[in-house]
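Report on one structure; see the data block that follows.
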Amino acid sequence: MSGEAGSAGPTSGASPFSSLRHPAFARFALGQTLCGTAQFLGGLATPFLVNQLTDSNTWVGASSFVALIPAVVGTPLSGTLADRMDRRLLLLVGLSLQVLVMSVVVGLYAAGELTPWRILLLNFVGGSAASFQWAPIQSMAAVLVPRESLVAAVRMVSITFTVGRSVGPAIAALTLAFHGPGLAFAVSLGFYVVGLGILATVRTTWTPSGAEGSLGDQFREGLAYVRVRPEMRIAFRLAFSVAGLGAVFAFSLAAGVADDLFGRGGGGLGVLSTSLGVGSLLASAFISSRGGRMSRAVLERRSILLYGAGLLVVASSSWLGVGMFGYLLMGGAHMLHGTTLSTSLQLRVDEEFRGRVMSVFLVAILSGIPIGGLAFGILGDLVGLRWVAMGAGLALCLDAVVTGRRGAFDLLDREVELEVDREVEPEPEPEPELEVELEVELEVELEVELEVDQAGGPAGGGADAPNGGSTGPFADLPDSGDDRGQAREEDHG
């Protein structure tokens, strides 16, 4: 497995904040935090406005669907490009398009022309722009820090998302409750502009490998690379199931949950999303200390169980305080789940495939959310969102139990075990070949001695041999041994 130069291997117990001693990565983390805040702020205001305009969970799910489906298609392309060109440039292009889309949103809302259909169109364009960001963001850490700091840097990237997920909804709660979506969109645009300016100052010395073939061939090569690695396949499967069953309620359908389950509008949505962010912050503190030394298999199994339990808590009551606690649990689970899978993949993948592998990982997440959002939005309008959320929570818990009994979670720790085996138990010498060589050498020596004895006189063999005249290459060996013994006795005498 290749990576950034460095004699030491990645240190799994290092604090994520230790990666900030590298200036380029520190600027990247700050810029990404601001852009993440803008993303979650605008992403929360949009479904709130759609729900306000239509009062329909189907429309809310559809707005999420059209925003994320382009990313499902575009992310594999950006992942392949991230292995062929400057990842920083690719990231800046995607963010610049996001700034343009948010500027149009602010202008249309101010003019009173932001209709549900126009929101869907802008979400589609914004989702297409976002598809150029996900893979470069996940791949940048490996080219900004040395190999021994990679684990800390990967966890720090997860923390930047967590901070954005916490600060963005907190700002959204204030702006939506007192000023409406217009101010939320404007503040989101401001965060985007400042974050883009900081990221533009980041420089890397990484040079892409000279890839040959078309983009399609390169992506198929990446899929073949993943297909033969079961530890990667289980990570992608878990990412899809948790996104489609859990994250969809944490993000896409949160506006419907606040309205249908708790009878609260923008204020309720902001409170639930803030609780989600606080849970993520608490999980970040845990993963930075004792959790960083735990097995990834244990962390992932517990995070899925925690996600399901949090969703069951949310669906169990109409009191907003209970919902806040449920979202707190879901936020912590989301942070642990994402960090565990991302770390497992980042440590396993070869540098030349990093962009493509992480893009497949993101496709699993980005496809699960819109599919789950659209399906559960329709079901929520038919049977009630509370029952749908309860069923999704039970499905997550069942998935964690079944996957754990099959032992599939253990694959997430395979990289650590392989590294230990290579260091402690070197490959043994091929003993069978050595035995053959010794037998050949012994036979040659015996033949040489036989020839010498035969050249020395009649005692070497023939009809006068004591063994009764036996023939063959070893027939005279006892006599030659006796002659040598007599010679030694004469010398001593």
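Just remember, in the structure tokens the first chain shown is A, the second B, etc., residues are 1-based per chain, and ligands are 1-based in the order shown.
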Per-residue DSSP, stretch 6-187 of chain A, filtered to alpha helix (DSSP H), as a PyMOL selection string: chain A and resi 23-54+57-82+87-110+116-130+134-144+150-178+181-187
Closest atom pairs, residues of stretch 163-239 of chain A within 9 Å of stretch 357-380 of chain A, only C-alpha atoms, as CSV:
residue,atom,partner,partner_atom,distance
A:Gly222,CA,A:Val357,CA,6.6
A:Leu223,CA,A:Val357,CA,7.8
A:Tyr225,CA,A:Val357,CA,8.4
A:Val226,CA,A:Val357,CA,7.1
A:Met232,CA,A:Val357,CA,8.7
A:Ala235,CA,A:Phe361,CA,7.7
A:Phe236,CA,A:Phe361,CA,5.5
A:Arg237,CA,A:Ala364,CA,7.2
A:Leu238,CA,A:Ala364,CA,8.6
A:Ala239,CA,A:Ile365,CA,5.5
Using only C-alpha atoms, please write the residues we just selected to a file, as a PDB file, in the first residue's frame.
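File produced: result.pdb:
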ATOM      1  CA  GLY A 222     -11.078   0.991  -9.728  1.00  0.00           C
ATOM      2  CA  LEU A 223     -14.206  -1.177  -9.475  1.00  0.00           C
ATOM      3  CA  TYR A 225      -9.708  -3.169  -7.448  1.00  0.00           C
ATOM      4  CA  VAL A 226     -12.599  -2.942  -4.976  1.00  0.00           C
ATOM      5  CA  MET A 232     -13.980  -2.643   1.126  1.00  0.00           C
ATOM      6  CA  ALA A 235     -17.715  -0.895   4.102  1.00  0.00           C
ATOM      7  CA  PHE A 236     -19.676   0.191   1.023  1.00  0.00           C
ATOM      8  CA  ARG A 237     -22.643  -1.993   1.931  1.00  0.00           C
ATOM      9  CA  LEU A 238     -22.774  -0.599   5.473  1.00  0.00           C
ATOM     10  CA  ALA A 239     -22.473   2.959   4.161  1.00  0.00           C
TER      11      ALA A 239
END
Please identify every residue of stretch 11-111 of chain A that has at least one atom no farther than 9 Å from an atom of stretch 170-176 of chain A, counting only C-alpha atoms, and for each give the shortest atom pair and the distance in Å to one decimal, arranged by chain then increasing number, as a tab-separated table.
residue	atom	partner	partner_atom	distance
A:Phe40	CA	A:Ala172	CA	8.6
A:Leu41	CA	A:Ala172	CA	5.6
A:Gly42	CA	A:Ala172	CA	8.1
A:Leu44	CA	A:Ala172	CA	6.9
A:Ala45	CA	A:Ala172	CA	6.8
A:Phe48	CA	A:Leu176	CA	8.5
Which neighbours of A:Gly391 fall inside 12 Å, counting only C-alpha atoms, when residues of the same chain fewer than 4 positions from it are skipped, and could you give them as a PyMOL selection string? chain A and resi 245-246+249+308-309+311-316+376+379-380+383-387+395-398
Nearby residues (only C-alpha atoms) at most 10 Å from A:Asp410, same-chain spacing under 6 positions excluded, as an MDAnalysis selection string: chainID A and resid 231 234 295:298 300:301 403:404
Option closest in space to A:Leu150, from A:Asp350, A:Val402, A:Ser273, A:Pro16 [counting only C-alpha atoms]: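 Looking only at the distances to A:Leu150, the closest residue turns out to be A:Pro16.
Take the candidates A:Gly338, A:Gly112, A:Gly263, A:Gly107 and check each one against A:Ser318 using only C-alpha atoms; the shortest distance goes to A:Gly263.
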Ranking A:Leu77, A:Gly190, A:Ile287, A:Leu196 by minimum distance to A:Leu89 and counting only C-alpha atoms, which one comes first? A:Leu196
